[in-house]
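*Asks:* Contents are mmCIF, N, CA, C and O atoms; file name coords_8.cif:
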```
data_final
loop_
_atom_site.label_atom_id
_atom_site.label_comp_id
_atom_site.auth_asym_id
_atom_site.auth_seq_id
_atom_site.Cartn_x
_atom_site.Cartn_y
_atom_site.Cartn_z
N MET V 1 3.92 23.08 -9.67
CA MET V 1 2.79 22.32 -10.17
C MET V 1 3.25 21.09 -10.94
O MET V 1 2.46 20.18 -11.16
N ASP V 2 4.50 21.06 -11.33
CA ASP V 2 5.01 19.90 -12.05
C ASP V 2 5.10 18.66 -11.17
O ASP V 2 5.12 17.54 -11.67
N THR V 3 5.19 18.86 -9.88
CA THR V 3 5.35 17.72 -8.98
C THR V 3 4.02 17.17 -8.48
O THR V 3 4.01 16.23 -7.68
N ALA V 4 2.91 17.73 -8.91
CA ALA V 4 1.60 17.29 -8.42
C ALA V 4 1.34 15.80 -8.69
O ALA V 4 0.92 15.07 -7.77
N PRO V 5 1.57 15.28 -9.92
CA PRO V 5 1.33 13.84 -10.13
C PRO V 5 2.25 12.97 -9.27
O PRO V 5 1.82 11.92 -8.76
N PHE V 6 3.48 13.42 -9.09
CA PHE V 6 4.43 12.68 -8.26
C PHE V 6 3.92 12.59 -6.82
O PHE V 6 3.89 11.50 -6.22
N VAL V 7 3.49 13.71 -6.28
CA VAL V 7 3.00 13.75 -4.90
C VAL V 7 1.72 12.94 -4.76
O VAL V 7 1.55 12.21 -3.77
N VAL V 8 0.85 13.02 -5.72
CA VAL V 8 -0.41 12.26 -5.66
C VAL V 8 -0.13 10.76 -5.66
O VAL V 8 -0.71 10.01 -4.87
N LEU V 9 0.78 10.32 -6.51
CA LEU V 9 1.10 8.89 -6.54
C LEU V 9 1.76 8.44 -5.24
O LEU V 9 1.50 7.33 -4.75
N LEU V 10 2.60 9.27 -4.66
CA LEU V 10 3.20 8.90 -3.38
C LEU V 10 2.16 8.86 -2.27
O LEU V 10 2.23 8.00 -1.38
N LEU V 11 1.18 9.75 -2.32
CA LEU V 11 0.09 9.70 -1.33
C LEU V 11 -0.75 8.44 -1.49
O LEU V 11 -1.16 7.83 -0.50
N VAL V 12 -0.99 8.04 -2.73
CA VAL V 12 -1.73 6.79 -2.98
C VAL V 12 -0.94 5.60 -2.43
O VAL V 12 -1.51 4.70 -1.81
N ALA V 13 0.37 5.60 -2.64
CA ALA V 13 1.20 4.52 -2.11
C ALA V 13 1.18 4.51 -0.59
O ALA V 13 1.12 3.44 0.04
N LEU V 14 1.19 5.68 0.02
CA LEU V 14 1.14 5.76 1.48
C LEU V 14 -0.19 5.25 2.02
O LEU V 14 -0.23 4.49 2.99
N ILE V 15 -1.28 5.62 1.37
CA ILE V 15 -2.60 5.12 1.76
C ILE V 15 -2.66 3.61 1.61
O ILE V 15 -3.21 2.89 2.45
N ASP V 16 -2.06 3.10 0.56
CA ASP V 16 -2.01 1.65 0.32
C ASP V 16 -1.25 0.96 1.45
O ASP V 16 -1.67 -0.10 1.93
N LEU V 17 -0.15 1.54 1.88
CA LEU V 17 0.61 0.94 2.98
C LEU V 17 -0.16 0.99 4.30
O LEU V 17 -0.09 0.05 5.10
N VAL V 18 -0.88 2.07 4.53
CA VAL V 18 -1.69 2.17 5.75
C VAL V 18 -2.79 1.11 5.74
O VAL V 18 -3.04 0.45 6.76
N LEU V 19 -3.43 0.93 4.61
CA LEU V 19 -4.45 -0.13 4.50
C LEU V 19 -3.84 -1.51 4.70
O LEU V 19 -4.44 -2.37 5.35
N ALA V 20 -2.65 -1.73 4.15
CA ALA V 20 -1.98 -3.02 4.32
C ALA V 20 -1.69 -3.27 5.80
O ALA V 20 -1.94 -4.38 6.31
N ALA V 21 -1.20 -2.26 6.49
CA ALA V 21 -0.91 -2.41 7.92
C ALA V 21 -2.19 -2.69 8.71
O ALA V 21 -2.19 -3.52 9.63
N TRP V 22 -3.28 -2.03 8.32
CA TRP V 22 -4.54 -2.27 9.01
C TRP V 22 -5.03 -3.70 8.79
O TRP V 22 -5.43 -4.38 9.75
N PHE V 23 -4.99 -4.17 7.54
CA PHE V 23 -5.43 -5.54 7.26
C PHE V 23 -4.56 -6.57 7.97
O PHE V 23 -5.06 -7.56 8.51
N ILE V 24 -3.26 -6.34 7.99
CA ILE V 24 -2.36 -7.28 8.67
C ILE V 24 -2.63 -7.27 10.17
O ILE V 24 -2.68 -8.33 10.81
N GLY V 25 -2.84 -6.09 10.73
CA GLY V 25 -3.16 -6.02 12.15
C GLY V 25 -4.46 -6.72 12.49
O GLY V 25 -4.56 -7.44 13.49
N GLN V 26 -5.48 -6.52 11.66
CA GLN V 26 -6.76 -7.20 11.87
C GLN V 26 -6.60 -8.72 11.75
O GLN V 26 -7.21 -9.48 12.50
N GLY V 27 -5.80 -9.14 10.78
CA GLY V 27 -5.58 -10.57 10.61
C GLY V 27 -4.85 -11.19 11.78
O GLY V 27 -5.17 -12.31 12.20
N LEU V 28 -3.87 -10.47 12.33
CA LEU V 28 -3.15 -11.00 13.48
C LEU V 28 -4.02 -11.01 14.72
O LEU V 28 -3.92 -11.93 15.55
N ARG V 29 -4.88 -10.01 14.87
CA ARG V 29 -5.79 -10.00 16.02
C ARG V 29 -6.80 -11.14 15.93
O ARG V 29 -7.20 -11.69 16.95
N ALA V 30 -7.24 -11.46 14.73
CA ALA V 30 -8.22 -12.55 14.56
C ALA V 30 -7.55 -13.91 14.67
O ALA V 30 -8.23 -14.91 14.87
N GLY V 31 -6.24 -13.95 14.54
CA GLY V 31 -5.52 -15.23 14.59
C GLY V 31 -5.07 -15.61 13.20
O GLY V 31 -5.89 -15.73 12.29
N ALA V 32 -3.78 -15.78 13.04
CA ALA V 32 -3.21 -16.01 11.71
C ALA V 32 -3.71 -17.30 11.07
O ALA V 32 -3.76 -17.40 9.85
N ASN V 33 -4.08 -18.29 11.87
CA ASN V 33 -4.52 -19.56 11.31
C ASN V 33 -6.03 -19.73 11.34
O ASN V 33 -6.54 -20.80 11.00
N SER V 34 -6.74 -18.68 11.74
CA SER V 34 -8.20 -18.80 11.80
C SER V 34 -8.82 -18.52 10.43
O SER V 34 -8.17 -18.02 9.53
N ALA V 35 -10.09 -18.84 10.33
CA ALA V 35 -10.80 -18.62 9.06
C ALA V 35 -10.97 -17.14 8.76
O ALA V 35 -11.10 -16.74 7.60
N GLU V 36 -10.97 -16.29 9.77
CA GLU V 36 -11.09 -14.84 9.56
C GLU V 36 -9.74 -14.19 9.36
O GLU V 36 -9.61 -13.24 8.60
N GLY V 37 -8.73 -14.67 10.05
CA GLY V 37 -7.43 -14.01 10.03
C GLY V 37 -6.63 -14.24 8.76
O GLY V 37 -5.96 -13.33 8.27
N ARG V 38 -6.69 -15.44 8.24
CA ARG V 38 -5.87 -15.77 7.07
C ARG V 38 -6.20 -14.91 5.84
O ARG V 38 -5.28 -14.39 5.20
N PRO V 39 -7.47 -14.70 5.47
CA PRO V 39 -7.74 -13.85 4.31
C PRO V 39 -7.31 -12.40 4.53
O PRO V 39 -6.85 -11.73 3.60
N ARG V 40 -7.44 -11.90 5.75
CA ARG V 40 -7.02 -10.53 6.02
C ARG V 40 -5.51 -10.38 5.90
O ARG V 40 -5.02 -9.38 5.39
N LEU V 41 -4.77 -11.38 6.37
CA LEU V 41 -3.32 -11.34 6.21
C LEU V 41 -2.94 -11.41 4.74
O LEU V 41 -2.01 -10.74 4.31
N LEU V 42 -3.66 -12.21 3.98
CA LEU V 42 -3.38 -12.33 2.55
C LEU V 42 -3.62 -11.00 1.84
O LEU V 42 -2.78 -10.56 1.04
N VAL V 43 -4.72 -10.34 2.14
CA VAL V 43 -5.02 -9.05 1.51
C VAL V 43 -3.95 -8.02 1.89
O VAL V 43 -3.44 -7.29 1.05
N GLY V 44 -3.59 -7.97 3.16
CA GLY V 44 -2.57 -7.03 3.61
C GLY V 44 -1.23 -7.28 2.97
O GLY V 44 -0.54 -6.34 2.56
N SER V 45 -0.87 -8.54 2.83
CA SER V 45 0.43 -8.84 2.23
C SER V 45 0.43 -8.58 0.72
O SER V 45 1.48 -8.31 0.15
N MET V 46 -0.72 -8.63 0.09
CA MET V 46 -0.79 -8.34 -1.34
C MET V 46 -0.78 -6.83 -1.61
O MET V 46 -0.41 -6.40 -2.69
N LEU V 47 -1.19 -6.03 -0.64
CA LEU V 47 -1.19 -4.58 -0.82
C LEU V 47 0.22 -3.99 -0.75
O LEU V 47 0.48 -2.95 -1.36
N ILE V 48 1.12 -4.63 -0.03
CA ILE V 48 2.47 -4.09 0.13
C ILE V 48 3.23 -4.03 -1.19
O ILE V 48 3.79 -2.98 -1.53
N PRO V 49 3.29 -5.10 -2.00
CA PRO V 49 3.98 -4.97 -3.29
C PRO V 49 3.32 -3.95 -4.22
O PRO V 49 4.00 -3.27 -4.98
N GLY V 50 2.00 -3.82 -4.12
CA GLY V 50 1.31 -2.82 -4.93
C GLY V 50 1.75 -1.42 -4.56
O GLY V 50 1.96 -0.56 -5.43
N ALA V 51 1.91 -1.16 -3.26
CA ALA V 51 2.36 0.16 -2.82
C ALA V 51 3.78 0.43 -3.29
O ALA V 51 4.11 1.55 -3.71
N LEU V 52 4.62 -0.58 -3.24
CA LEU V 52 6.00 -0.41 -3.72
C LEU V 52 6.03 -0.14 -5.23
O LEU V 52 6.79 0.71 -5.70
N LEU V 53 5.19 -0.83 -5.98
CA LEU V 53 5.14 -0.59 -7.42
C LEU V 53 4.62 0.80 -7.74
O LEU V 53 5.10 1.45 -8.68
N ILE V 54 3.65 1.27 -6.98
CA ILE V 54 3.14 2.63 -7.20
C ILE V 54 4.23 3.65 -6.92
O ILE V 54 4.40 4.62 -7.67
N ALA V 55 5.00 3.45 -5.85
CA ALA V 55 6.08 4.39 -5.53
C ALA V 55 7.16 4.38 -6.61
O ALA V 55 7.65 5.45 -7.01
N VAL V 56 7.51 3.21 -7.10
CA VAL V 56 8.50 3.12 -8.18
C VAL V 56 7.97 3.80 -9.43
O VAL V 56 8.70 4.54 -10.11
N LEU V 57 6.73 3.57 -9.73
CA LEU V 57 6.11 4.20 -10.90
C LEU V 57 6.12 5.73 -10.77
O LEU V 57 6.37 6.44 -11.75
N ALA V 58 5.88 6.22 -9.57
CA ALA V 58 5.91 7.68 -9.35
C ALA V 58 7.30 8.23 -9.65
O ALA V 58 7.44 9.27 -10.29
N PHE V 59 8.34 7.53 -9.19
CA PHE V 59 9.69 8.01 -9.43
C PHE V 59 10.10 7.88 -10.89
O PHE V 59 10.81 8.74 -11.42
N VAL V 60 9.65 6.82 -11.55
CA VAL V 60 10.05 6.61 -12.95
C VAL V 60 9.32 7.60 -13.87
O VAL V 60 9.95 8.22 -14.75
N LEU V 61 8.03 7.77 -13.67
CA LEU V 61 7.27 8.63 -14.57
C LEU V 61 7.37 10.11 -14.23
O LEU V 61 7.49 10.94 -15.12
N PHE V 62 7.28 10.44 -12.95
CA PHE V 62 7.21 11.84 -12.54
C PHE V 62 8.25 12.15 -11.48
O PHE V 62 7.93 12.72 -10.44
N GLY V 63 9.48 11.76 -11.69
CA GLY V 63 10.53 11.98 -10.69
C GLY V 63 10.64 13.42 -10.27
O GLY V 63 10.35 14.34 -11.05
N PRO V 64 11.04 13.68 -9.03
CA PRO V 64 11.10 15.05 -8.53
C PRO V 64 12.17 15.89 -9.24
O PRO V 64 12.13 17.11 -9.21
N THR V 65 13.12 15.24 -9.90
CA THR V 65 14.18 15.99 -10.59
C THR V 65 13.80 16.28 -12.05
O THR V 65 14.55 16.95 -12.75
N GLY V 66 12.69 15.75 -12.50
CA GLY V 66 12.23 16.03 -13.86
C GLY V 66 12.50 14.92 -14.71
O GLY V 66 12.38 14.47 -15.67
#
```
Would you write out, as structure tokens, the structure that this file holds?
*Replies:*
Amino acid sequence: MDTAPFVVLLLVALIDLVLAAWFIGQGLRAGANSAEGRPRLLVGSMLIPGALLIAVLAFVLFGPTG
């Protein structure tokens, strides 16, 4: 039960990466230079550093080794 916060934060980071991939895919399908594609690419690219920070935070605060 000690690893529950660690696992939850890693799941949140994984969901964040899946959303980032979806937004980037939608942006590329709409066209990277179009009025619809550019904001979606921007949102997707901003979600990736957030997911990395969440994963780092999980390891720093609730590392699996204690």
*Asks:* Smallest atom-to-atom distance to V:Leu19: which of V:Val56, V:Ile48, V:Ala35, V:Leu61, using only C-alpha atoms?
*Replies:*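 Counting only C-alpha atoms, the residue closest to V:Leu19 is V:Ile48.
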*Asks:* Let me make sure I understand: among V:Leu17, V:Ile24, V:Ala30, V:Ala55, which one has the smallest atom-to-atom distance to V:Leu42 if we use only C-alpha atoms?
*Replies:*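 Selected residue with least distance to V:Leu42: V:Ile24.
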*Asks:* Once the PyMOL selection byres ((chain V and resi 6-9) around 8) is applied to the coordinates I shared, what remains selected? I want it as a ChimeraX atom specification.
*Replies:* /V:1-5,10-16,50-51,53-59,61-64
*Asks:* Just how far from atom CA of V:Arg29 is atom CA of V:Ser45, in Å to one decimal?
*Replies:*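 The value is 15.2 Å.
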*Asks:* Provide the atom C of V:Ala21 to atom CA of V:Gly37 distance in Å, to one decimal place.
*Replies:*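 Going from atom C of V:Ala21 over to atom CA of V:Gly37 covers 12.5 Å.
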*Asks:* Report the distance between atom CA of V:Phe23 and atom CA of V:Val60 in Å, rounded to one decimal place.
*Replies:*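 Result for atom CA of V:Phe23 versus atom CA of V:Val60: 28.2 Å, one decimal.
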*Asks:* Could you give me the residues within chain V that DSSP places in alpha helix (DSSP H), as a VMD selection string?
*Replies:* chain V and resid 4 to 30 37 to 62
*Asks:* Is it possible to get the axis-aligned box enclosing stretch 25-32 of chain V (all listed atoms, 3 Å extra per side) as lines of an AutoDock Vina configuration file, with centre and edge lengths in Å rounded to one decimal?
*Replies:*
```
center_x = -5.5
center_y = -11.7
center_z = 13.4
size_x = 11.4
size_y = 17.4
size_z = 13.1
```
